[in-house]
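For reference, the structure discussed in these notes is given below.
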Amino acid sequence: MRFLPVFLDLKAGPVVLIGAGELLRAKLRVLAAAGACLRVHAIDGNQDLGLGEAARIEIAAGDPLTADLSGVIAVVCAGAGDVGVAMSARAKSLGLPVNVMDDLEHSSFIFPAIVDRDDVVVAVGTGGTSPVVARRVREKIEALLPARIGELAEFIGGFRKSINERIAEFPLRRRFWERVIDGPIGAAVLAGRKDEADAALKAISNPSEFARADKPEGSVVLVGAGPGDPDLLTIKALRALQDADIVFHDELVSPEILDRIRRDTTRVAVGRRIGKPGIGQDAINKRMIEAAQSGQRVVRLKGGDPFVFGRGGEEVEALRAAGIAYSIIPGITAGLGGAADFEVPLTYRHEATRITFLTAHKARDAEAVDWSTLTDTRMTVVVYMGMSAAPAIRAGLFAAGRSPETPVGVFARVTRPDAQGAIGTLRDLPELVQRTHGGPAILIIGDVVRHAGSLRRQTPKQIISDLLDAAE
Ligand code: SAH
């Protein structure tokens, strides 16, 4: 390690900043955000620093190389050219820490990439070798850290003194905070419900006992996994998968998504597949509740969105009845994934002003649908679980008076590498279904299907072979 990361109190004295142009202004923003008292030498004479009337900034006149540096705590040069090099020698001779931007040789300290969440600050360094790599690492950390992690630190800060007074032993105090942060109180702060968290923490009458309880409080998170592409997981979903002790997942959830679960997490497949019975909804509810009651952090991972044909509503009711803390993280439902994948806008000015999401599990269900409510030609109909019922769907829409020429798309395995679509008219629906070769699929019915883009996700191999064909 060439540089030790430390956090510097910039209020202790002025920082001298020397340079020009956008580089100077960028450093100025970083230092000003940290509350620095700044003395700025703009060596190009342009004193428009783009910061308005910031009180702690003093524009210095005169040559920085001869200026008085008494009381100064650090020197920073950004876009200062040769002046930076000379300033570095001067600062070093005075024992002052100095940074010359992009110049390791003349710097005695360097700036990390920063993740700033109020009280929580993460500094990422690469020893000055590659600021771009440091920025990439920062982006990954940004994505992983809850937005309100700073508020959580502040919340805990507010109670620290009183808890310290009530729990004498340090290890027990630490256990107390771990339980608060990992449990429903921490979750409430991160969800922006500070009042609720505040009340819950104040309601802990015996903090030592709370810390000592051998069972942590369990909880369940219903997580929407999206239609298959793991990059379509939300940042929140990803975090829940990383935090879980046990994941109950549907069969439909893709292996690439299961790969995002923490390695030592228990995984239980509970979903049904057509033809094969699953463990049944009541059994799923029961196992989820038992896992949470034993203190585990449970994730119920469901394809698409939990509240779109996913029985999420029933699971929530069961959790409420059992008094288990729960939360819901939405996911991208298959209909939206398919629309994006095959470039079918579900609404379109003047052409499509309504969307219906419909399930037609079996022909029997399809017969139960009141098709007469679906005759509006400006309504886009998205059908889930409609593959085997395709003939019944067609019959229902014909009987309701929809034209046989109504455009229809069948989109299978959407957002996955082997996604495939077939487009035609309502008349050809059963045949279109045949052409997509199985797997989960949605149907989109309505004029908007005319706008569909490419039906085949091209792999690099296909692109090359197409190019070769064209060249022949
Ligand atoms: N909750 C899920 C739907 C579960 S019902 C969601 O919001 O997407 C299962 C049905 O979803 C399947 O029969 C199929 O119609 C649709 N489906 C799920 N994943 C799909 C995918 N990758 N491509 C196409 N359809 C999909």
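Identifiers for the structure tokens are assigned positionally: chains receive A, B, ... in sequence, residues are indexed from 1 per chain, and ligands are indexed from 1 in the order shown.
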Select from chain A every residue with an atom at most 8 Å from any atom of ligand 1, then for each give the shortest pair of atoms and their distance in Å to one decimal, using only C-alpha atoms and all ligand atoms, rows by chain and rising number, as a Markdown table.
| residue | atom | partner | partner_atom_place_in_ligand_line | distance |
| --- | --- | --- | --- | --- |
| A:Gly224 | CA | ligand 1 | 1 (N) | 7.5 |
| A:Gly226 | CA | ligand 1 | 8 (O) | 6.6 |
| A:Pro227 | CA | ligand 1 | 22 (N) | 4.2 |
| A:Gly228 | CA | ligand 1 | 22 (N) | 5.3 |
| A:Leu252 | CA | ligand 1 | 19 (N) | 6.7 |
| A:Lys302 | CA | ligand 1 | 1 (N) | 6.4 |
| A:Gly303 | CA | ligand 1 | 2 (C) | 4.9 |
| A:Gly304 | CA | ligand 1 | 6 (C) | 3.4 |
| A:Asp305 | CA | ligand 1 | 7 (O) | 3.8 |
| A:Pro306 | CA | ligand 1 | 1 (N) | 5.2 |
| A:Phe307 | CA | ligand 1 | 1 (N) | 6.5 |
| A:Val308 | CA | ligand 1 | 7 (O) | 4.5 |
| A:Phe309 | CA | ligand 1 | 1 (N) | 4.9 |
| A:Gly310 | CA | ligand 1 | 1 (N) | 4.2 |
| A:Arg311 | CA | ligand 1 | 1 (N) | 8.0 |
| A:Gly331 | CA | ligand 1 | 7 (O) | 7.2 |
| A:Ile332 | CA | ligand 1 | 7 (O) | 6.6 |
| A:Thr333 | CA | ligand 1 | 7 (O) | 3.5 |
| A:Ala334 | CA | ligand 1 | 8 (O) | 3.7 |
| A:Gly335 | CA | ligand 1 | 8 (O) | 6.5 |
| A:Gly337 | CA | ligand 1 | 23 (N) | 7.6 |
| A:Gly338 | CA | ligand 1 | 24 (C) | 6.5 |
| A:Thr359 | CA | ligand 1 | 15 (O) | 7.9 |
| A:His361 | CA | ligand 1 | 13 (O) | 7.6 |
| A:Val383 | CA | ligand 1 | 15 (O) | 6.7 |
| A:Tyr384 | CA | ligand 1 | 15 (O) | 3.5 |
| A:Met385 | CA | ligand 1 | 13 (O) | 3.3 |
| A:Gly386 | CA | ligand 1 | 15 (O) | 6.2 |
| A:Met387 | CA | ligand 1 | 15 (O) | 7.5 |
| A:Phe411 | CA | ligand 1 | 24 (C) | 5.9 |
| A:Ala412 | CA | ligand 1 | 24 (C) | 4.5 |
| A:Arg413 | CA | ligand 1 | 23 (N) | 3.6 |
| A:Val414 | CA | ligand 1 | 23 (N) | 3.8 |
| A:Thr415 | CA | ligand 1 | 22 (N) | 6.2 |
| A:Arg416 | CA | ligand 1 | 22 (N) | 6.6 |
| A:Ala419 | CA | ligand 1 | 23 (N) | 7.5 |
| A:Gly439 | CA | ligand 1 | 23 (N) | 7.5 |
| A:Pro440 | CA | ligand 1 | 14 (C) | 4.4 |
| A:Ala441 | CA | ligand 1 | 25 (N) | 3.5 |
| A:Ile442 | CA | ligand 1 | 15 (O) | 4.3 |
| A:Leu443 | CA | ligand 1 | 15 (O) | 7.5 |
Prev. selection, N, CA and C atoms, output as a short mmCIF file (atom, residue, chain, number, x, y, z; two decimals), in the first residue's frame:
data_model
loop_
_atom_site.label_atom_id
_atom_site.label_comp_id
_atom_site.auth_asym_id
_atom_site.auth_seq_id
_atom_site.Cartn_x
_atom_site.Cartn_y
_atom_site.Cartn_z
N GLY A 224 -39.27 -9.45 -7.03
CA GLY A 224 -39.53 -9.71 -8.45
C GLY A 224 -38.20 -9.88 -9.15
N GLY A 226 -37.82 -10.37 -12.46
CA GLY A 226 -37.84 -10.00 -13.88
C GLY A 226 -37.96 -11.24 -14.75
N PRO A 227 -37.97 -11.03 -16.08
CA PRO A 227 -38.27 -12.14 -16.99
C PRO A 227 -37.08 -13.03 -17.32
N GLY A 228 -35.88 -12.73 -16.90
CA GLY A 228 -34.79 -13.67 -17.19
C GLY A 228 -33.42 -13.03 -17.24
N LEU A 252 -39.33 -20.85 -12.63
CA LEU A 252 -39.16 -19.98 -13.80
C LEU A 252 -37.95 -19.04 -13.70
N LYS A 302 -39.56 -14.42 -7.21
CA LYS A 302 -40.59 -14.81 -8.15
C LYS A 302 -40.28 -14.25 -9.53
N GLY A 303 -40.62 -15.00 -10.56
CA GLY A 303 -40.40 -14.52 -11.93
C GLY A 303 -41.19 -13.24 -12.18
N GLY A 304 -40.64 -12.34 -12.99
CA GLY A 304 -41.36 -11.12 -13.34
C GLY A 304 -41.61 -10.26 -12.13
N ASP A 305 -42.86 -9.87 -11.94
CA ASP A 305 -43.26 -9.07 -10.79
C ASP A 305 -44.10 -9.93 -9.84
N PRO A 306 -43.89 -9.80 -8.52
CA PRO A 306 -44.63 -10.66 -7.58
C PRO A 306 -46.15 -10.46 -7.62
N PHE A 307 -46.57 -9.25 -8.04
CA PHE A 307 -48.01 -8.95 -7.99
C PHE A 307 -48.67 -9.05 -9.36
N VAL A 308 -47.98 -9.63 -10.34
CA VAL A 308 -48.63 -9.85 -11.63
C VAL A 308 -48.69 -11.36 -11.86
N PHE A 309 -49.86 -11.92 -11.71
CA PHE A 309 -50.07 -13.35 -11.87
C PHE A 309 -49.01 -14.17 -11.13
N GLY A 310 -48.65 -13.70 -9.93
CA GLY A 310 -47.57 -14.37 -9.21
C GLY A 310 -47.99 -14.86 -7.83
N ARG A 311 -49.23 -14.70 -7.48
CA ARG A 311 -49.78 -15.09 -6.18
C ARG A 311 -49.09 -14.38 -5.00
N GLY A 331 -40.66 -6.19 -9.73
CA GLY A 331 -39.77 -6.63 -10.80
C GLY A 331 -40.37 -6.29 -12.15
N ILE A 332 -39.60 -6.48 -13.20
CA ILE A 332 -40.12 -6.21 -14.54
C ILE A 332 -40.95 -7.41 -14.98
N THR A 333 -42.20 -7.17 -15.23
CA THR A 333 -43.08 -8.26 -15.59
C THR A 333 -42.81 -8.69 -17.04
N ALA A 334 -43.11 -9.97 -17.35
CA ALA A 334 -42.78 -10.54 -18.66
C ALA A 334 -43.34 -9.70 -19.81
N GLY A 335 -44.55 -9.15 -19.62
CA GLY A 335 -45.15 -8.36 -20.69
C GLY A 335 -44.32 -7.14 -21.03
N GLY A 337 -41.05 -6.85 -20.33
CA GLY A 337 -39.77 -7.34 -20.86
C GLY A 337 -39.91 -7.69 -22.33
N GLY A 338 -41.03 -8.36 -22.68
CA GLY A 338 -41.24 -8.76 -24.07
C GLY A 338 -41.44 -7.57 -24.98
N THR A 359 -54.72 -13.36 -17.93
CA THR A 359 -54.21 -14.72 -17.89
C THR A 359 -55.23 -15.67 -18.49
N HIS A 361 -54.88 -19.49 -18.54
CA HIS A 361 -54.04 -20.62 -18.19
C HIS A 361 -54.36 -21.85 -19.03
N VAL A 383 -51.30 -11.30 -23.01
CA VAL A 383 -51.81 -12.54 -22.41
C VAL A 383 -50.66 -13.34 -21.81
N TYR A 384 -50.81 -13.71 -20.55
CA TYR A 384 -49.86 -14.57 -19.85
C TYR A 384 -50.43 -15.99 -19.86
N MET A 385 -49.53 -16.96 -19.84
CA MET A 385 -49.92 -18.37 -19.73
C MET A 385 -50.92 -18.74 -20.81
N GLY A 386 -50.75 -18.17 -21.99
CA GLY A 386 -51.78 -18.34 -23.01
C GLY A 386 -51.42 -19.31 -24.12
N MET A 387 -50.30 -20.02 -23.99
CA MET A 387 -49.83 -20.82 -25.11
C MET A 387 -50.79 -21.96 -25.45
N PHE A 411 -44.21 -14.04 -28.05
CA PHE A 411 -42.82 -13.76 -27.68
C PHE A 411 -42.40 -14.71 -26.56
N ALA A 412 -41.46 -15.58 -26.91
CA ALA A 412 -41.06 -16.63 -25.96
C ALA A 412 -39.71 -16.30 -25.34
N ARG A 413 -39.55 -16.73 -24.09
CA ARG A 413 -38.27 -16.62 -23.36
C ARG A 413 -37.70 -15.21 -23.46
N VAL A 414 -38.57 -14.23 -23.27
CA VAL A 414 -38.14 -12.84 -23.48
C VAL A 414 -37.02 -12.45 -22.54
N THR A 415 -36.15 -11.59 -23.03
CA THR A 415 -34.95 -11.04 -22.38
C THR A 415 -33.87 -12.10 -22.13
N ARG A 416 -34.11 -13.32 -22.60
CA ARG A 416 -33.07 -14.35 -22.46
C ARG A 416 -32.32 -14.47 -23.78
N ALA A 419 -34.30 -15.87 -26.76
CA ALA A 419 -35.63 -15.30 -26.99
C ALA A 419 -36.02 -15.44 -28.45
N GLY A 439 -41.29 -23.05 -24.05
CA GLY A 439 -40.77 -22.14 -23.02
C GLY A 439 -41.84 -21.14 -22.66
N PRO A 440 -41.64 -20.36 -21.60
CA PRO A 440 -42.67 -19.40 -21.26
C PRO A 440 -42.80 -18.36 -22.37
N ALA A 441 -44.02 -17.96 -22.66
CA ALA A 441 -44.23 -16.96 -23.73
C ALA A 441 -45.41 -16.09 -23.39
N ILE A 442 -45.38 -14.87 -23.88
CA ILE A 442 -46.53 -13.99 -23.77
C ILE A 442 -47.07 -13.71 -25.17
N LEU A 443 -48.35 -13.38 -25.22
CA LEU A 443 -48.96 -12.96 -26.48
C LEU A 443 -49.25 -11.47 -26.37
#
Could I get the residues of range 201-222 of chain A with an atom no further than 9 Å from an atom of range 277-295 of chain A, each paired with its nearest atom pair and that distance in Å to one decimal, using only C-alpha atoms, sorted by chain and residue number, as a Markdown table?
| residue | atom | partner | partner_atom | distance |
| --- | --- | --- | --- | --- |
| A:Lys215 | CA | A:Gly295 | CA | 5.6 |
| A:Pro216 | CA | A:Gly295 | CA | 5.0 |
| A:Glu217 | CA | A:Gly295 | CA | 4.9 |
| A:Gly218 | CA | A:Gly295 | CA | 3.9 |
| A:Ser219 | CA | A:Ala292 | CA | 5.2 |
| A:Val220 | CA | A:Ala292 | CA | 6.5 |
Near-Val448 in chain A list (12 Å; only C-alpha atoms; drop same-chain fewer than 2 positions) as number ranges by chain: A: 339, 342-355, 377-382, 406-409, 423, 444-446, 450-453
For those residues, write C-alpha atoms to a file as a tab-separated table (two decimals), in the first residue's frame.
chain	number	residue	atom	x	y	z
A	339	ALA	CA	-42.43	-5.37	-25.29
A	342	PHE	CA	-39.18	-7.03	-29.45
A	343	GLU	CA	-39.74	-3.29	-29.67
A	344	VAL	CA	-43.52	-3.36	-29.38
A	345	PRO	CA	-44.73	-0.11	-27.78
A	346	LEU	CA	-47.70	-1.13	-25.62
A	347	THR	CA	-49.27	2.30	-25.96
A	348	TYR	CA	-49.09	4.54	-28.99
A	349	ARG	CA	-50.57	7.96	-29.54
A	350	HIS	CA	-54.09	7.65	-31.00
A	351	GLU	CA	-53.53	3.96	-31.81
A	352	ALA	CA	-53.39	2.27	-28.41
A	353	THR	CA	-54.64	4.02	-25.29
A	354	ARG	CA	-55.26	1.08	-22.95
A	355	ILE	CA	-53.44	-2.06	-21.85
A	377	THR	CA	-59.32	-1.83	-31.06
A	378	ARG	CA	-57.30	0.77	-29.20
A	379	MET	CA	-56.63	-1.67	-26.39
A	380	THR	CA	-53.42	-3.70	-26.34
A	381	VAL	CA	-54.00	-7.13	-24.78
A	382	VAL	CA	-51.05	-8.89	-23.15
A	406	THR	CA	-55.70	-7.99	-35.75
A	407	PRO	CA	-51.90	-8.07	-35.41
A	408	VAL	CA	-50.57	-10.61	-32.90
A	409	GLY	CA	-47.09	-11.37	-31.57
A	423	ILE	CA	-45.67	-12.12	-35.64
A	444	ILE	CA	-49.40	-9.34	-27.44
A	445	ILE	CA	-52.57	-8.61	-29.36
A	446	GLY	CA	-53.34	-5.26	-30.95
A	450	ARG	CA	-47.14	-3.66	-36.30
A	451	HIS	CA	-44.34	-1.55	-34.83
A	452	ALA	CA	-42.33	-4.60	-33.69
A	453	GLY	CA	-38.61	-4.62	-34.42
(request) Give me every strand (DSSP E) residue in range 59-303 of chain A, going by DSSP on the backbone, as number ranges by chain. (result) A: 59, 74-78, 98-100, 113-117, 120-124, 219-224, 246-249, 266-269, 297-302
Discussion item. Show me, as a list in words, the residues that have an atom within 12 Å of Ser88 in chain A when counting only C-alpha atoms, minus same-chain residues fewer than 6 positions from it.
Written reply: Val16, Leu17, Ile18, Pro64, Leu65, Ala74, Val75, Val76, Cys77, Ala78, Ala80, Gly81, Asp82, Leu94, Gly95, Leu96, Pro97, Val98, Asn99, Val100, Met101, Asp103, Leu104, Glu105, His106, Ser107, Ser108 and Phe109 of chain A
Atoms to include: N, CA and C atoms. Write the selected residues as a PDB file, in the first residue's frame.
ATOM      1  N   VAL A  16      -4.890  25.634  -0.108  1.00  0.00           N
ATOM      2  CA  VAL A  16      -4.563  26.479  -1.258  1.00  0.00           C
ATOM      3  C   VAL A  16      -4.783  25.666  -2.526  1.00  0.00           C
ATOM      4  N   LEU A  17      -5.592  26.225  -3.427  1.00  0.00           N
ATOM      5  CA  LEU A  17      -5.908  25.528  -4.672  1.00  0.00           C
ATOM      6  C   LEU A  17      -5.420  26.381  -5.833  1.00  0.00           C
ATOM      7  N   ILE A  18      -4.590  25.760  -6.673  1.00  0.00           N
ATOM      8  CA  ILE A  18      -3.970  26.518  -7.766  1.00  0.00           C
ATOM      9  C   ILE A  18      -4.274  25.812  -9.077  1.00  0.00           C
ATOM     10  N   PRO A  64       1.361  32.465  -6.526  1.00  0.00           N
ATOM     11  CA  PRO A  64       1.284  31.428  -5.481  1.00  0.00           C
ATOM     12  C   PRO A  64       2.663  30.956  -5.023  1.00  0.00           C
ATOM     13  N   LEU A  65       3.657  31.121  -5.893  1.00  0.00           N
ATOM     14  CA  LEU A  65       4.990  30.616  -5.540  1.00  0.00           C
ATOM     15  C   LEU A  65       5.668  31.453  -4.458  1.00  0.00           C
ATOM     16  N   ALA A  74      -2.985  22.267   3.349  1.00  0.00           N
ATOM     17  CA  ALA A  74      -2.651  21.429   2.190  1.00  0.00           C
ATOM     18  C   ALA A  74      -2.634  22.284   0.940  1.00  0.00           C
ATOM     19  N   VAL A  75      -1.931  21.786  -0.082  1.00  0.00           N
ATOM     20  CA  VAL A  75      -1.841  22.487  -1.359  1.00  0.00           C
ATOM     21  C   VAL A  75      -2.317  21.535  -2.450  1.00  0.00           C
ATOM     22  N   VAL A  76      -3.208  22.045  -3.306  1.00  0.00           N
ATOM     23  CA  VAL A  76      -3.751  21.216  -4.386  1.00  0.00           C
ATOM     24  C   VAL A  76      -3.584  21.964  -5.701  1.00  0.00           C
ATOM     25  N   CYS A  77      -3.021  21.281  -6.714  1.00  0.00           N
ATOM     26  CA  CYS A  77      -2.840  21.901  -8.027  1.00  0.00           C
ATOM     27  C   CYS A  77      -3.621  21.107  -9.069  1.00  0.00           C
ATOM     28  N   ALA A  78      -4.471  21.800  -9.825  1.00  0.00           N
ATOM     29  CA  ALA A  78      -5.264  21.118 -10.856  1.00  0.00           C
ATOM     30  C   ALA A  78      -5.250  21.971 -12.113  1.00  0.00           C
ATOM     31  N   ALA A  80      -2.530  23.222 -13.416  1.00  0.00           N
ATOM     32  CA  ALA A  80      -1.631  24.334 -13.088  1.00  0.00           C
ATOM     33  C   ALA A  80      -0.321  24.284 -13.879  1.00  0.00           C
ATOM     34  N   GLY A  81      -0.096  23.236 -14.679  1.00  0.00           N
ATOM     35  CA  GLY A  81       1.108  23.142 -15.510  1.00  0.00           C
ATOM     36  C   GLY A  81       2.380  23.201 -14.680  1.00  0.00           C
ATOM     37  N   ASP A  82       3.368  23.937 -15.165  1.00  0.00           N
ATOM     38  CA  ASP A  82       4.679  24.022 -14.500  1.00  0.00           C
ATOM     39  C   ASP A  82       4.570  24.626 -13.108  1.00  0.00           C
ATOM     40  N   LEU A  94       8.206  22.973   2.896  1.00  0.00           N
ATOM     41  CA  LEU A  94       7.552  23.504   4.106  1.00  0.00           C
ATOM     42  C   LEU A  94       6.869  22.402   4.913  1.00  0.00           C
ATOM     43  N   GLY A  95       6.970  21.153   4.438  1.00  0.00           N
ATOM     44  CA  GLY A  95       6.322  20.037   5.140  1.00  0.00           C
ATOM     45  C   GLY A  95       4.817  20.011   4.960  1.00  0.00           C
ATOM     46  N   LEU A  96       4.312  20.647   3.897  1.00  0.00           N
ATOM     47  CA  LEU A  96       2.860  20.669   3.659  1.00  0.00           C
ATOM     48  C   LEU A  96       2.453  19.542   2.708  1.00  0.00           C
ATOM     49  N   PRO A  97       1.368  18.839   2.995  1.00  0.00           N
ATOM     50  CA  PRO A  97       0.900  17.835   2.032  1.00  0.00           C
ATOM     51  C   PRO A  97       0.490  18.513   0.717  1.00  0.00           C
ATOM     52  N   VAL A  98       0.843  17.887  -0.396  1.00  0.00           N
ATOM     53  CA  VAL A  98       0.564  18.509  -1.690  1.00  0.00           C
ATOM     54  C   VAL A  98       0.066  17.472  -2.683  1.00  0.00           C
ATOM     55  N   ASN A  99      -0.910  17.889  -3.469  1.00  0.00           N
ATOM     56  CA  ASN A  99      -1.391  17.040  -4.554  1.00  0.00           C
ATOM     57  C   ASN A  99      -1.293  17.806  -5.862  1.00  0.00           C
ATOM     58  N   VAL A 100      -0.629  17.193  -6.844  1.00  0.00           N
ATOM     59  CA  VAL A 100      -0.624  17.760  -8.183  1.00  0.00           C
ATOM     60  C   VAL A 100      -1.399  16.780  -9.047  1.00  0.00           C
ATOM     61  N   MET A 101      -2.475  17.250  -9.608  1.00  0.00           N
ATOM     62  CA  MET A 101      -3.400  16.350 -10.291  1.00  0.00           C
ATOM     63  C   MET A 101      -2.713  15.573 -11.413  1.00  0.00           C
ATOM     64  N   ASP A 103      -0.246  13.639 -11.372  1.00  0.00           N
ATOM     65  CA  ASP A 103       1.212  13.696 -11.320  1.00  0.00           C
ATOM     66  C   ASP A 103       1.671  13.098  -9.992  1.00  0.00           C
ATOM     67  N   LEU A 104       1.825  11.774 -10.012  1.00  0.00           N
ATOM     68  CA  LEU A 104       2.150  11.031  -8.801  1.00  0.00           C
ATOM     69  C   LEU A 104       3.495  11.469  -8.226  1.00  0.00           C
ATOM     70  N   GLU A 105       4.425  11.724  -9.139  1.00  0.00           N
ATOM     71  CA  GLU A 105       5.798  12.046  -8.731  1.00  0.00           C
ATOM     72  C   GLU A 105       5.834  13.287  -7.837  1.00  0.00           C
ATOM     73  N   HIS A 106       4.978  14.253  -8.147  1.00  0.00           N
ATOM     74  CA  HIS A 106       5.009  15.500  -7.388  1.00  0.00           C
ATOM     75  C   HIS A 106       3.927  15.603  -6.314  1.00  0.00           C
ATOM     76  N   SER A 107       3.267  14.477  -6.054  1.00  0.00           N
ATOM     77  CA  SER A 107       2.193  14.504  -5.046  1.00  0.00           C
ATOM     78  C   SER A 107       2.614  13.747  -3.801  1.00  0.00           C
ATOM     79  N   SER A 108       2.265  14.289  -2.634  1.00  0.00           N
ATOM     80  CA  SER A 108       2.486  13.509  -1.407  1.00  0.00           C
ATOM     81  C   SER A 108       1.160  12.936  -0.898  1.00  0.00           C
ATOM     82  N   PHE A 109       0.043  13.391  -1.475  1.00  0.00           N
ATOM     83  CA  PHE A 109      -1.239  12.705  -1.218  1.00  0.00           C
ATOM     84  C   PHE A 109      -2.047  12.717  -2.509  1.00  0.00           C
TER      85      PHE A 109
END
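For the set A:Gly323, A:Leu31, A:Pro14, A:Ile43, the residue with the smallest atom-to-atom gap to Asp68 in chain A is A:Pro14, counting only C-alpha atoms.
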**OP:** Name the residues of range 24-223 of chain A that fall into helix (DSSP H, G or I) according to DSSP on the backbone, using the chain letters and numbers of this document, as a ChimeraX atom specification.
**Re:** /A:24-33,82-93,104-106,131-144,149-166,170-182,184-190,194-202,207-212
For this session: Write out as a list in words each polymer residue whose atoms come within 10 Å of Arg29 in chain A, counting only C-alpha atoms; drop sequence neighbours fewer than 5 positions from it.
Result: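 Residues meeting the cut-off are Leu24, Ala34, Gly35, Ala36, Leu49, Gly50 and Leu51 of chain A.
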Preceding selection exported with all heavy atoms as a PDB file, in the first residue's frame:
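Final output, out_5.pdb:
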ATOM      1  N   LEU A  24      -9.664  22.861 -12.487  1.00  0.00           N
ATOM      2  CA  LEU A  24      -9.667  23.641 -11.240  1.00  0.00           C
ATOM      3  C   LEU A  24     -11.075  23.643 -10.632  1.00  0.00           C
ATOM      4  O   LEU A  24     -11.251  23.397  -9.437  1.00  0.00           O
ATOM      5  CB  LEU A  24      -9.218  25.078 -11.524  1.00  0.00           C
ATOM      6  CG  LEU A  24      -9.320  26.049 -10.344  1.00  0.00           C
ATOM      7  CD1 LEU A  24      -8.207  25.788  -9.340  1.00  0.00           C
ATOM      8  CD2 LEU A  24      -9.264  27.497 -10.817  1.00  0.00           C
ATOM      9  N   ALA A  34     -16.735  19.218   0.833  1.00  0.00           N
ATOM     10  CA  ALA A  34     -16.224  18.697   2.105  1.00  0.00           C
ATOM     11  C   ALA A  34     -16.079  19.816   3.141  1.00  0.00           C
ATOM     12  O   ALA A  34     -15.509  19.614   4.206  1.00  0.00           O
ATOM     13  CB  ALA A  34     -14.885  18.001   1.877  1.00  0.00           C
ATOM     14  N   GLY A  35     -16.572  20.997   2.808  1.00  0.00           N
ATOM     15  CA  GLY A  35     -16.565  22.100   3.774  1.00  0.00           C
ATOM     16  C   GLY A  35     -15.219  22.801   3.896  1.00  0.00           C
ATOM     17  O   GLY A  35     -14.935  23.454   4.912  1.00  0.00           O
ATOM     18  N   ALA A  36     -14.375  22.657   2.887  1.00  0.00           N
ATOM     19  CA  ALA A  36     -13.041  23.253   2.982  1.00  0.00           C
ATOM     20  C   ALA A  36     -13.111  24.776   2.982  1.00  0.00           C
ATOM     21  O   ALA A  36     -13.982  25.368   2.350  1.00  0.00           O
ATOM     22  CB  ALA A  36     -12.181  22.781   1.813  1.00  0.00           C
ATOM     23  N   LEU A  49     -15.625  31.022 -10.953  1.00  0.00           N
ATOM     24  CA  LEU A  49     -15.411  29.657 -10.471  1.00  0.00           C
ATOM     25  C   LEU A  49     -16.692  28.821 -10.476  1.00  0.00           C
ATOM     26  O   LEU A  49     -16.690  27.664 -10.102  1.00  0.00           O
ATOM     27  CB  LEU A  49     -14.803  29.695  -9.069  1.00  0.00           C
ATOM     28  CG  LEU A  49     -13.450  30.404  -9.018  1.00  0.00           C
ATOM     29  CD1 LEU A  49     -12.969  30.552  -7.594  1.00  0.00           C
ATOM     30  CD2 LEU A  49     -12.411  29.678  -9.848  1.00  0.00           C
ATOM     31  N   GLY A  50     -17.767  29.420 -10.895  1.00  0.00           N
ATOM     32  CA  GLY A  50     -19.008  28.661 -11.049  1.00  0.00           C
ATOM     33  C   GLY A  50     -19.583  28.160  -9.746  1.00  0.00           C
ATOM     34  O   GLY A  50     -20.278  27.166  -9.715  1.00  0.00           O
ATOM     35  N   LEU A  51     -19.266  28.833  -8.644  1.00  0.00           N
ATOM     36  CA  LEU A  51     -19.781  28.341  -7.360  1.00  0.00           C
ATOM     37  C   LEU A  51     -20.694  29.347  -6.670  1.00  0.00           C
ATOM     38  O   LEU A  51     -21.112  29.129  -5.555  1.00  0.00           O
ATOM     39  CB  LEU A  51     -18.619  28.010  -6.420  1.00  0.00           C
ATOM     40  CG  LEU A  51     -18.155  26.561  -6.355  1.00  0.00           C
ATOM     41  CD1 LEU A  51     -17.205  26.386  -5.199  1.00  0.00           C
ATOM     42  CD2 LEU A  51     -19.312  25.587  -6.228  1.00  0.00           C
TER      43      LEU A  51
END
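With only C-alpha atoms as the atoms that count, the minimum distance from Ser205 in chain A to the choices A:Leu144, A:Arg166, A:Ala67, A:Gly192 is reached by A:Arg166.
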Practice task
Skip Ser162 in chain A itself and residues of its chain fewer than 6 positions away, then list as a VMD selection string all residues within 12 Å of it, counting only C-alpha atoms.
Solution key: chain A and resid 156 168 173 201 to 202 207
Deliver the residues from the most recent selection as a file, using N, CA and C atoms, as a tab-separated table (two decimals), in the first residue's frame.
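Written file, selection_16.tsv:
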chain	number	residue	atom	x	y	z
A	156	ILE	N	-28.46	6.09	14.01
A	156	ILE	CA	-27.78	5.37	15.09
A	156	ILE	C	-26.98	6.33	15.94
A	168	ALA	N	-23.44	-1.62	29.33
A	168	ALA	CA	-22.06	-1.33	29.73
A	168	ALA	C	-21.05	-2.13	28.90
A	173	ARG	N	-23.09	-4.34	23.33
A	173	ARG	CA	-23.50	-3.13	22.64
A	173	ARG	C	-23.43	-3.33	21.13
A	201	LEU	N	-37.39	1.79	18.11
A	201	LEU	CA	-36.18	1.73	18.93
A	201	LEU	C	-36.46	2.21	20.35
A	202	LYS	N	-37.29	3.28	20.43
A	202	LYS	CA	-37.63	3.79	21.78
A	202	LYS	C	-38.46	2.78	22.57
A	207	PRO	N	-32.61	-2.88	26.52
A	207	PRO	CA	-31.69	-3.05	25.40
A	207	PRO	C	-30.75	-4.26	25.56
